[in-house]
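Shown below: protein_2.cif, with mmCIF, C-alpha atoms.
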```cif
data_work
loop_
_atom_site.label_atom_id
_atom_site.label_comp_id
_atom_site.auth_asym_id
_atom_site.auth_seq_id
_atom_site.Cartn_x
_atom_site.Cartn_y
_atom_site.Cartn_z
CA MET A 1 116.36 -34.24 35.21
CA LYS A 2 115.20 -34.93 31.71
CA VAL A 3 112.98 -32.69 29.62
CA GLU A 4 111.48 -33.29 26.21
CA VAL A 5 112.37 -30.52 23.78
CA TRP A 6 110.53 -29.63 20.58
CA LEU A 7 112.07 -27.18 18.13
CA PHE A 8 109.76 -25.95 15.41
CA SER A 9 110.45 -24.69 11.93
CA THR A 10 113.92 -23.28 11.35
CA LEU A 11 114.87 -23.87 14.99
CA SER A 12 115.25 -27.60 14.32
CA GLN A 13 118.87 -26.80 13.39
CA TYR A 14 119.49 -26.41 17.14
CA LEU A 15 118.48 -29.99 17.97
CA PRO A 16 121.24 -32.17 19.39
CA PRO A 17 122.92 -34.44 16.82
CA ASP A 18 121.13 -37.73 16.11
CA SER A 19 117.74 -36.26 16.98
CA LYS A 20 114.78 -37.49 14.98
CA GLY A 21 112.08 -35.18 13.71
CA LYS A 22 111.68 -32.09 15.86
CA LYS A 23 112.19 -33.45 19.31
CA ALA A 24 114.92 -34.60 21.64
CA VAL A 25 115.29 -35.53 25.27
CA VAL A 26 117.76 -33.30 27.08
CA GLU A 27 119.34 -33.97 30.45
CA LEU A 28 119.87 -30.91 32.65
CA PRO A 29 121.01 -30.23 36.21
CA GLU A 30 118.32 -29.81 38.89
CA ASN A 31 116.97 -26.23 39.17
CA ALA A 32 117.78 -25.51 35.52
CA THR A 33 115.69 -22.77 33.94
CA LEU A 34 114.41 -22.26 30.42
CA THR A 35 117.30 -19.90 29.80
CA ASP A 36 119.72 -22.67 30.84
CA LEU A 37 118.03 -25.02 28.41
CA ALA A 38 118.27 -22.46 25.58
CA ASP A 39 121.97 -21.96 26.39
CA HIS A 40 122.46 -25.74 26.36
CA LEU A 41 120.95 -25.89 22.87
CA GLY A 42 122.92 -22.88 21.66
CA LEU A 43 119.67 -21.05 21.06
CA HIS A 44 120.10 -17.36 21.77
CA SER A 45 117.19 -15.27 20.69
CA GLU A 46 114.72 -13.23 22.64
CA THR A 47 112.43 -13.32 19.64
CA VAL A 48 111.85 -17.06 20.00
CA THR A 49 108.70 -18.03 21.88
CA VAL A 50 108.71 -20.84 24.40
CA THR A 51 106.04 -23.03 25.97
CA ILE A 52 106.09 -25.54 28.80
CA ASN A 53 103.52 -28.31 28.53
CA ASP A 54 101.79 -26.32 25.79
CA GLU A 55 101.45 -23.12 27.80
CA GLN A 56 103.41 -19.97 26.93
CA ALA A 57 106.16 -19.50 29.49
CA HIS A 58 108.64 -16.87 30.64
CA TRP A 59 112.34 -17.43 30.23
CA GLY A 60 113.20 -17.42 33.91
CA LEU A 61 110.92 -20.33 34.81
CA LYS A 62 112.46 -23.34 36.50
CA LEU A 63 112.15 -26.62 34.70
CA GLU A 64 110.95 -29.86 36.21
CA ASP A 65 111.63 -33.45 35.26
CA GLY A 66 109.31 -34.53 32.46
CA HIS A 67 108.47 -31.05 31.24
CA GLN A 68 107.71 -30.79 27.55
CA VAL A 69 109.32 -27.61 26.23
CA SER A 70 108.66 -26.16 22.78
CA PHE A 71 110.49 -23.35 21.05
CA PHE A 72 109.13 -21.68 17.95
CA PRO A 73 109.89 -18.57 15.90
CA PRO A 74 107.27 -16.38 14.24
CA LEU A 75 106.69 -17.22 10.59
CA ALA A 76 105.97 -14.57 8.01
CA GLY A 77 105.16 -16.43 4.80
CA GLY A 78 101.83 -15.81 3.21
CA MET B 1 69.49 -7.52 12.64
CA SER B 2 66.33 -8.07 10.66
CA ASP B 3 66.27 -4.73 8.91
CA PHE B 4 66.32 -6.25 5.44
CA GLN B 5 64.63 -9.22 3.81
CA PHE B 6 66.46 -11.89 1.82
CA THR B 7 65.62 -12.18 -1.84
CA GLU B 8 64.68 -15.67 -3.03
CA GLU B 9 68.04 -15.90 -4.76
CA GLN B 10 69.87 -15.03 -1.54
CA ILE B 11 67.93 -17.67 0.40
CA GLU B 12 68.96 -20.23 -2.17
CA ARG B 13 72.57 -19.02 -2.39
CA TYR B 14 73.10 -19.13 1.37
CA SER B 15 70.75 -22.04 2.16
CA ARG B 16 73.54 -24.28 3.52
CA HIS B 17 74.52 -21.54 5.97
CA ILE B 18 70.95 -20.77 6.93
CA LEU B 19 70.39 -24.45 7.72
CA LEU B 20 73.08 -24.29 10.40
CA ARG B 21 71.55 -23.58 13.79
CA GLU B 22 74.64 -21.53 14.74
CA VAL B 23 74.28 -19.30 11.67
CA GLY B 24 70.67 -19.26 10.51
CA GLY B 25 69.04 -16.34 8.76
CA GLU B 26 70.16 -13.83 11.38
CA GLY B 27 73.77 -14.99 11.15
CA GLN B 28 73.72 -14.82 7.37
CA LYS B 29 72.37 -11.28 7.52
CA ARG B 30 75.11 -10.45 9.97
CA LEU B 31 77.74 -11.71 7.51
CA MET B 32 76.14 -9.72 4.70
CA LYS B 33 76.40 -6.55 6.77
CA SER B 34 79.96 -7.24 7.91
CA SER B 35 83.30 -6.24 6.44
CA ALA B 36 86.72 -7.88 6.27
CA PHE B 37 90.10 -6.48 5.28
CA MET B 38 92.67 -8.84 3.73
CA VAL B 39 96.32 -7.83 3.86
CA GLY B 40 97.88 -9.57 0.87
CA ALA B 41 96.22 -11.27 -2.09
CA GLY B 42 98.75 -14.08 -2.13
CA GLY B 43 98.77 -17.67 -0.93
CA LEU B 44 96.72 -17.04 2.22
CA GLY B 45 94.58 -14.33 0.68
CA ALA B 46 93.64 -16.50 -2.29
CA PRO B 47 91.43 -19.03 -0.47
CA ALA B 48 90.45 -16.54 2.22
CA LEU B 49 89.08 -13.98 -0.25
CA LEU B 50 87.22 -16.60 -2.28
CA TYR B 51 85.52 -18.08 0.78
CA LEU B 52 84.76 -14.75 2.43
CA ALA B 53 83.03 -13.69 -0.78
CA ALA B 54 81.23 -17.00 -1.14
CA ALA B 55 80.10 -16.77 2.49
CA GLY B 56 78.42 -13.47 1.70
CA VAL B 57 80.63 -11.07 3.65
CA GLY B 58 79.24 -7.76 2.44
CA LYS B 59 82.36 -5.66 2.09
CA ILE B 60 85.91 -6.85 1.44
CA GLY B 61 89.03 -4.66 1.36
CA ILE B 62 92.27 -5.95 -0.17
CA ALA B 63 95.75 -4.44 -0.03
CA ASP B 64 98.64 -5.75 -2.12
CA GLY B 65 101.17 -3.80 -4.14
CA ASP B 66 102.33 -6.68 -6.31
CA VAL B 67 101.45 -7.98 -9.73
CA VAL B 68 100.79 -11.66 -10.49
CA GLU B 69 103.91 -13.63 -11.38
CA ILE B 70 104.10 -17.15 -12.76
CA SER B 71 105.85 -18.33 -9.56
CA ASN B 72 102.72 -17.31 -7.60
CA LEU B 73 100.41 -19.72 -9.40
CA GLN B 74 101.60 -22.87 -7.57
CA ARG B 75 99.51 -21.70 -4.58
CA GLN B 76 97.75 -18.37 -5.19
CA VAL B 77 94.68 -19.99 -6.70
CA ILE B 78 92.63 -16.81 -6.91
CA HIS B 79 94.82 -15.81 -9.87
CA GLY B 80 95.21 -17.64 -13.16
CA THR B 81 97.75 -17.83 -15.94
CA PRO B 82 96.02 -15.06 -17.96
CA ASP B 83 96.45 -12.76 -14.93
CA ILE B 84 100.26 -12.76 -15.08
CA GLY B 85 101.42 -9.15 -15.04
CA ARG B 86 98.10 -7.83 -13.67
CA SER B 87 97.69 -6.15 -10.32
CA LYS B 88 96.90 -8.83 -7.72
CA VAL B 89 94.15 -6.77 -6.13
CA LEU B 90 92.38 -6.29 -9.47
CA SER B 91 92.74 -9.96 -10.35
CA ALA B 92 91.37 -10.89 -6.91
CA GLU B 93 88.50 -8.43 -7.21
CA GLU B 94 87.46 -9.98 -10.51
CA ALA B 95 87.49 -13.48 -9.01
CA ILE B 96 85.47 -12.33 -5.99
CA LEU B 97 82.80 -10.69 -8.12
CA ARG B 98 82.60 -13.80 -10.30
CA ILE B 99 81.64 -15.78 -7.21
CA ASN B 100 79.46 -13.16 -5.59
CA PRO B 101 78.51 -10.02 -7.53
CA GLU B 102 76.80 -8.62 -4.42
CA CYS B 103 80.11 -8.24 -2.62
CA GLU B 104 81.41 -4.68 -2.29
CA VAL B 105 85.15 -4.79 -2.99
CA HIS B 106 87.64 -2.05 -2.16
CA VAL B 107 91.13 -2.49 -3.59
CA PHE B 108 94.39 -0.86 -2.52
CA PRO B 109 97.23 -1.66 -4.94
CA GLU B 110 99.88 -0.69 -2.42
CA ARG B 111 101.91 -2.04 0.47
CA LEU B 112 100.83 -1.09 3.99
CA ASN B 113 103.05 1.44 5.74
CA VAL B 114 102.91 3.64 8.82
CA ARG B 115 101.18 6.39 6.86
CA ASN B 116 98.38 4.46 5.16
CA ALA B 117 97.74 1.42 7.38
CA ARG B 118 95.31 2.88 9.91
CA ARG B 119 93.35 4.74 7.24
CA MET B 120 93.00 1.56 5.18
CA VAL B 121 91.66 -0.73 7.89
CA GLN B 122 89.49 1.83 9.73
CA GLY B 123 85.85 0.83 9.86
CA TYR B 124 86.39 -2.84 8.99
CA ASP B 125 85.01 -5.47 11.35
CA ILE B 126 88.01 -7.77 11.05
CA VAL B 127 91.50 -7.87 9.52
CA LEU B 128 93.10 -11.01 8.08
CA ASP B 129 96.88 -10.86 7.79
CA GLY B 130 98.18 -12.76 4.79
CA SER B 131 101.32 -10.74 4.21
CA ASP B 132 104.67 -12.41 3.82
CA ASN B 133 107.17 -10.25 5.65
CA PHE B 134 107.80 -9.34 9.26
CA PRO B 135 107.62 -5.54 8.91
CA THR B 136 104.09 -5.77 7.51
CA ARG B 137 103.02 -8.37 10.06
CA PHE B 138 104.12 -6.26 13.04
CA LEU B 139 102.63 -3.15 11.43
CA VAL B 140 99.27 -4.91 10.94
CA ALA B 141 99.29 -6.27 14.49
CA ASP B 142 100.03 -2.85 15.99
CA CYS B 143 97.52 -1.17 13.71
CA CYS B 144 94.72 -3.55 14.73
CA ARG B 145 95.54 -2.97 18.39
CA PHE B 146 95.38 0.81 18.00
CA GLU B 147 92.19 0.64 15.92
CA ALA B 148 90.63 -2.02 18.22
CA ILE B 149 89.89 -4.33 15.29
CA PRO B 150 90.00 -8.14 15.66
CA LEU B 151 92.95 -9.69 13.81
CA VAL B 152 93.30 -13.22 12.49
CA SER B 153 96.92 -13.83 11.58
CA ALA B 154 98.13 -16.87 9.64
CA ALA B 155 101.65 -17.57 8.42
CA VAL B 156 103.46 -20.37 6.64
CA LEU B 157 106.90 -21.68 5.77
CA ARG B 158 107.84 -24.91 3.99
CA PHE B 159 105.45 -27.52 5.47
CA GLU B 160 104.36 -25.59 8.56
CA GLY B 161 101.72 -23.07 9.44
CA GLN B 162 100.79 -20.86 12.38
CA LEU B 163 97.48 -19.26 13.30
CA LEU B 164 96.29 -16.94 16.04
CA THR B 165 93.42 -14.56 16.66
CA VAL B 166 93.84 -11.29 18.52
CA LEU B 167 90.76 -9.64 19.95
CA PRO B 168 90.80 -6.02 21.11
CA GLY B 169 90.53 -5.10 24.76
CA GLU B 170 92.21 -5.76 28.07
CA GLY B 171 92.80 -9.35 29.04
CA ASN B 172 93.28 -10.46 25.44
CA PRO B 173 96.90 -11.29 24.57
CA CYS B 174 98.14 -9.36 21.54
CA TYR B 175 100.44 -10.52 18.74
CA ARG B 176 103.46 -9.00 20.49
CA CYS B 177 102.65 -10.85 23.73
CA LEU B 178 103.64 -13.94 21.73
CA PHE B 179 106.21 -12.41 19.40
CA PRO B 180 107.57 -9.17 20.94
CA GLU B 181 109.87 -8.23 18.08
CA PRO B 182 110.69 -9.45 14.55
CA PRO B 183 113.38 -12.16 14.56
CA PRO B 184 116.94 -11.20 13.71
CA PRO B 185 117.93 -11.39 10.04
CA GLY B 186 118.68 -14.92 8.92
CA LEU B 187 116.75 -16.82 11.61
CA VAL B 188 113.51 -17.18 9.65
CA PRO B 189 113.70 -17.14 5.85
CA SER B 190 110.80 -16.15 3.61
CA CYS B 191 108.89 -18.60 1.41
CA GLN B 192 110.70 -17.04 -1.54
CA GLU B 193 113.96 -18.16 0.04
CA ALA B 194 112.91 -21.45 1.67
CA GLY B 195 109.87 -22.61 -0.29
CA VAL B 196 106.40 -23.68 0.78
CA LEU B 197 104.07 -26.51 -0.19
CA GLY B 198 101.26 -24.72 -1.98
CA ALA B 199 98.50 -26.71 -0.31
CA VAL B 200 99.84 -25.87 3.15
CA VAL B 201 99.18 -22.19 2.45
CA GLY B 202 95.70 -23.19 1.35
CA VAL B 203 95.06 -25.07 4.61
CA MET B 204 96.18 -22.09 6.68
CA GLY B 205 94.22 -19.60 4.58
CA MET B 206 91.11 -21.69 5.10
CA LEU B 207 91.64 -22.00 8.86
CA GLN B 208 92.12 -18.24 8.92
CA THR B 209 88.84 -17.78 7.08
CA VAL B 210 86.90 -20.15 9.32
CA GLU B 211 88.20 -18.32 12.37
CA SER B 212 87.29 -14.94 10.82
CA LEU B 213 83.74 -16.05 10.02
CA LYS B 214 83.34 -17.30 13.60
CA VAL B 215 84.45 -13.90 14.91
CA LEU B 216 82.06 -12.09 12.55
CA LEU B 217 79.20 -14.42 13.52
CA GLY B 218 80.07 -14.40 17.22
CA ILE B 219 79.96 -18.20 17.43
CA GLY B 220 82.20 -20.92 18.79
CA ASP B 221 85.48 -20.75 20.66
CA ILE B 222 87.79 -18.10 19.24
CA MET B 223 91.56 -18.72 19.31
CA SER B 224 92.13 -15.48 21.20
CA HIS B 225 94.07 -17.23 23.98
CA HIS B 226 95.59 -20.01 21.88
CA PHE B 227 98.06 -20.46 19.07
CA LEU B 228 97.87 -23.19 16.45
CA LEU B 229 100.86 -24.90 14.87
CA TYR B 230 100.28 -27.11 11.83
CA ASP B 231 102.89 -29.52 10.54
CA ALA B 232 101.97 -31.12 7.24
CA LEU B 233 104.83 -33.64 7.23
CA GLU B 234 103.89 -34.94 10.67
CA ALA B 235 100.16 -34.58 9.91
CA SER B 236 99.79 -32.83 13.26
CA PHE B 237 97.97 -29.88 14.72
CA ARG B 238 99.20 -28.55 18.04
CA THR B 239 97.47 -25.88 20.10
CA VAL B 240 99.31 -23.98 22.82
CA LYS B 241 97.91 -21.56 25.36
CA ARG B 242 98.90 -17.89 25.05
CA ILE B 243 99.18 -15.42 27.91
CA SER B 244 99.03 -11.65 28.25
CA ASP B 245 102.58 -10.50 28.89
CA ARG B 246 102.81 -7.70 31.46
CA ALA B 247 106.12 -6.73 29.83
CA CYS B 248 104.60 -6.66 26.33
CA PRO B 249 105.94 -3.62 24.41
CA LEU B 250 102.49 -2.99 22.91
CA CYS B 251 99.85 -3.86 25.53
CA GLY B 252 101.90 -4.37 28.72
CA GLU B 253 102.01 -2.25 31.83
CA ASN B 254 104.60 0.17 30.41
CA PRO B 255 104.27 -0.06 26.64
CA SER B 256 107.17 1.29 24.61
CA ILE B 257 105.19 1.19 21.36
CA THR B 258 102.61 3.96 21.26
CA GLU B 259 102.50 4.56 17.53
CA LEU B 260 103.08 2.52 14.38
CA VAL B 261 106.66 1.37 13.83
CA GLU B 262 108.19 1.14 10.36
CA TYR B 263 110.69 -1.71 10.24
CA ASP B 264 113.14 -1.89 7.40
CA VAL B 265 111.97 -4.65 5.08
CA THR B 266 115.51 -5.41 3.97
CA CYS B 267 116.55 -5.99 7.58
CA THR B 268 114.18 -8.89 8.13
CA THR B 269 113.41 -10.45 4.80
CA THR B 270 114.19 -10.21 1.15
CA SER B 271 110.73 -11.19 0.00
CA SER B 272 108.01 -9.15 -1.61
CA GLU B 273 104.51 -8.49 -0.24
CA THR B 274 102.95 -11.89 -0.61
CA SER B 275 104.98 -14.97 -1.32
#
```
Could you render the structure from this file as structure tokens?
Amino acid sequence: MKVEVWLFSTLSQYLPPDSKGKKAVVELPENATLTDLADHLGLHSETVTVTINDEQAHWGLKLEDGHQVSFFPPLAGG
Amino acid sequence: MSDFQFTEEQIERYSRHILLREVGGEGQKRLMKSSAFMVGAGGLGAPALLYLAAAGVGKIGIADGDVVEISNLQRQVIHGTPDIGRSKVLSAEEAILRINPECEVHVFPERLNVRNARRMVQGYDIVLDGSDNFPTRFLVADCCRFEAIPLVSAAVLRFEGQLLTVLPGEGNPCYRCLFPEPPPPGLVPSCQEAGVLGAVVGVMGMLQTVESLKVLLGIGDIMSHHFLLYDALEASFRTVKRISDRACPLCGENPSITELVEYDVTCTTTSSETS
């Protein structure tokens, strides 16, 4: 299956090579979870927040083909 | 609400608010009897404080332990070149009173910590977080939860901004439902380390103020279950839905945080109070 991945702010460093902007399409095995996707990207942080189709999601959730997944860290600048 | 009468000058000053059906005379009186506490008189606090004062918010508290530096002036528009070296809270107070002499201003020239935070914000109707480091942000979020005060939190880095509102009470996701813990050192730099487009801070400070005024007025849809991401380079706003996390360390079923937590500033950022 293919999912669209958005990585915000400093997380854009985890995008696959040749990605444009903040997003990439990632191919994963069926039944892959958000944790599998994070592992695939090399993103290991429990302090990163994740959404599926613009709704906050838990790490164990199974992904489906066409899901739009966003990862973002908290910012602190003011 | 109608326990005082506007003066003619007040009617003229606030006429554009009073004309709005959603605000009106009653709403304006409500603002004039309300109070707001701003954490940080920096890039977010600059526009927020000016517009809160202009809107007629009756009492404004400001906490910031820093003095104005020349590197602040690219975005902290409440301060000017002659203010370099002055306490930020005193510089901000002067600017507020220049706009609206009727505003009651309380200044705290110090950084929030576990000992003073609850005492400072107690009694205020709303808290706006404009600090620039994770320890203060988590402290403010926890403090508002314990004191049951609405919180409007905005944050920026480079060309991006984030905004969320946290309302007290069950069923309302808290800050830690979205961000349980500060990120590990090195993952998210400060503006001092990574830079920020000055106008982006202004945009976020204004959105924070609009949201705060809506909460004070009790109008419109509050972002208590949503989270806003702004990207200036892509000219995009994105809103995502937040949820209450049953495992949240602050408001979940078995909370591990039952009192204010002092994080080590040097562990999460190298910046000062308000970048």
Take the point (72.5, -19.3, -1.7) as written in the file and pick out every residue within 12 Å of it, counting only C-alpha atoms; give the list as a VMD selection string. chain B and resid 6 to 19 25 28 53 to 56 99 to 100 102
Given the PyMOL selection byres ((chain B and resi 44) around 9) and the file above, list the residues it selects as a PyMOL selection string. (chain A and resi 77-78) or (chain B and resi 40-43+45-49+75-76+129-131+154-156+201-206+208+274)
Nearest to Asp142 of chain B, chosen from B:Tyr124, B:Phe179, B:Phe237, B:Phe227, with all atoms listed in the file counted in the distances: B:Phe179
Atom CA of Ser153 of chain B and atom CA of Gln68 of chain A are how many Å apart? 25.7 Å
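With only C-alpha atoms as the atoms that count, the residue of A:Ala24, A:Leu43, A:Leu61, A:Val3 with the shortest distance to chain B is A:Leu43.
Restricting the calculation to only C-alpha atoms, the smallest distance between chain A and any of B:Gly252, B:Gly61, B:Gly195, B:Gly218 is found for B:Gly195.
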Give me the result of the PyMOL selection byres ((chain A) within 6 of (chain B)) on this file, residue by residue, as a VMD selection string. chain A and resid 47 54 to 56 75 to 78
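The interatomic distance for the pair atom CA of Leu7 of chain A and atom CA of Leu207 of chain B works out to 23.0 Å.
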Separating atom CA of Lys23 of chain A from atom CA of Val5 of chain A, to the nearest tenth of an Å, is a gap of 5.3 Å
For the structure provided, state which residues fall under the PyMOL selection byres ((chain A and resi 50) around 6), and present them as number ranges by chain. A: 49, 51, 56-57, 70-71
Dig up all the protein and nucleic acid residues within 12 Å of (116.1, -24.6, 29.6) in the file frame, using all atoms listed in the file, and format them as a VMD selection string. chain A and resid 1 to 6 25 to 44 50 to 52 57 to 65 67 to 71
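Compared by their closest atoms to Leu197 of chain B, and using only C-alpha atoms, the residues B:Leu213, B:Leu151, B:Gln74, B:Val140 rank with B:Gln74 nearest.
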Draw an axis-aligned box over all listed atoms of segment 9-16 of chain A, pad each side with 8 Å, and write its centre and edge lengths in Å, one decimal, as AutoDock Vina command-line options.
```
--center_x 115.8 --center_y -27.7 --center_z 15.4 --size_x 26.8 --size_y 24.9 --size_z 24.0
```
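Candidate residues B:Glu69, B:Glu93, B:Glu259, B:Glu147 were compared for distance to Met120 of chain B, and the nearest is B:Glu147, using all atoms listed in the file.
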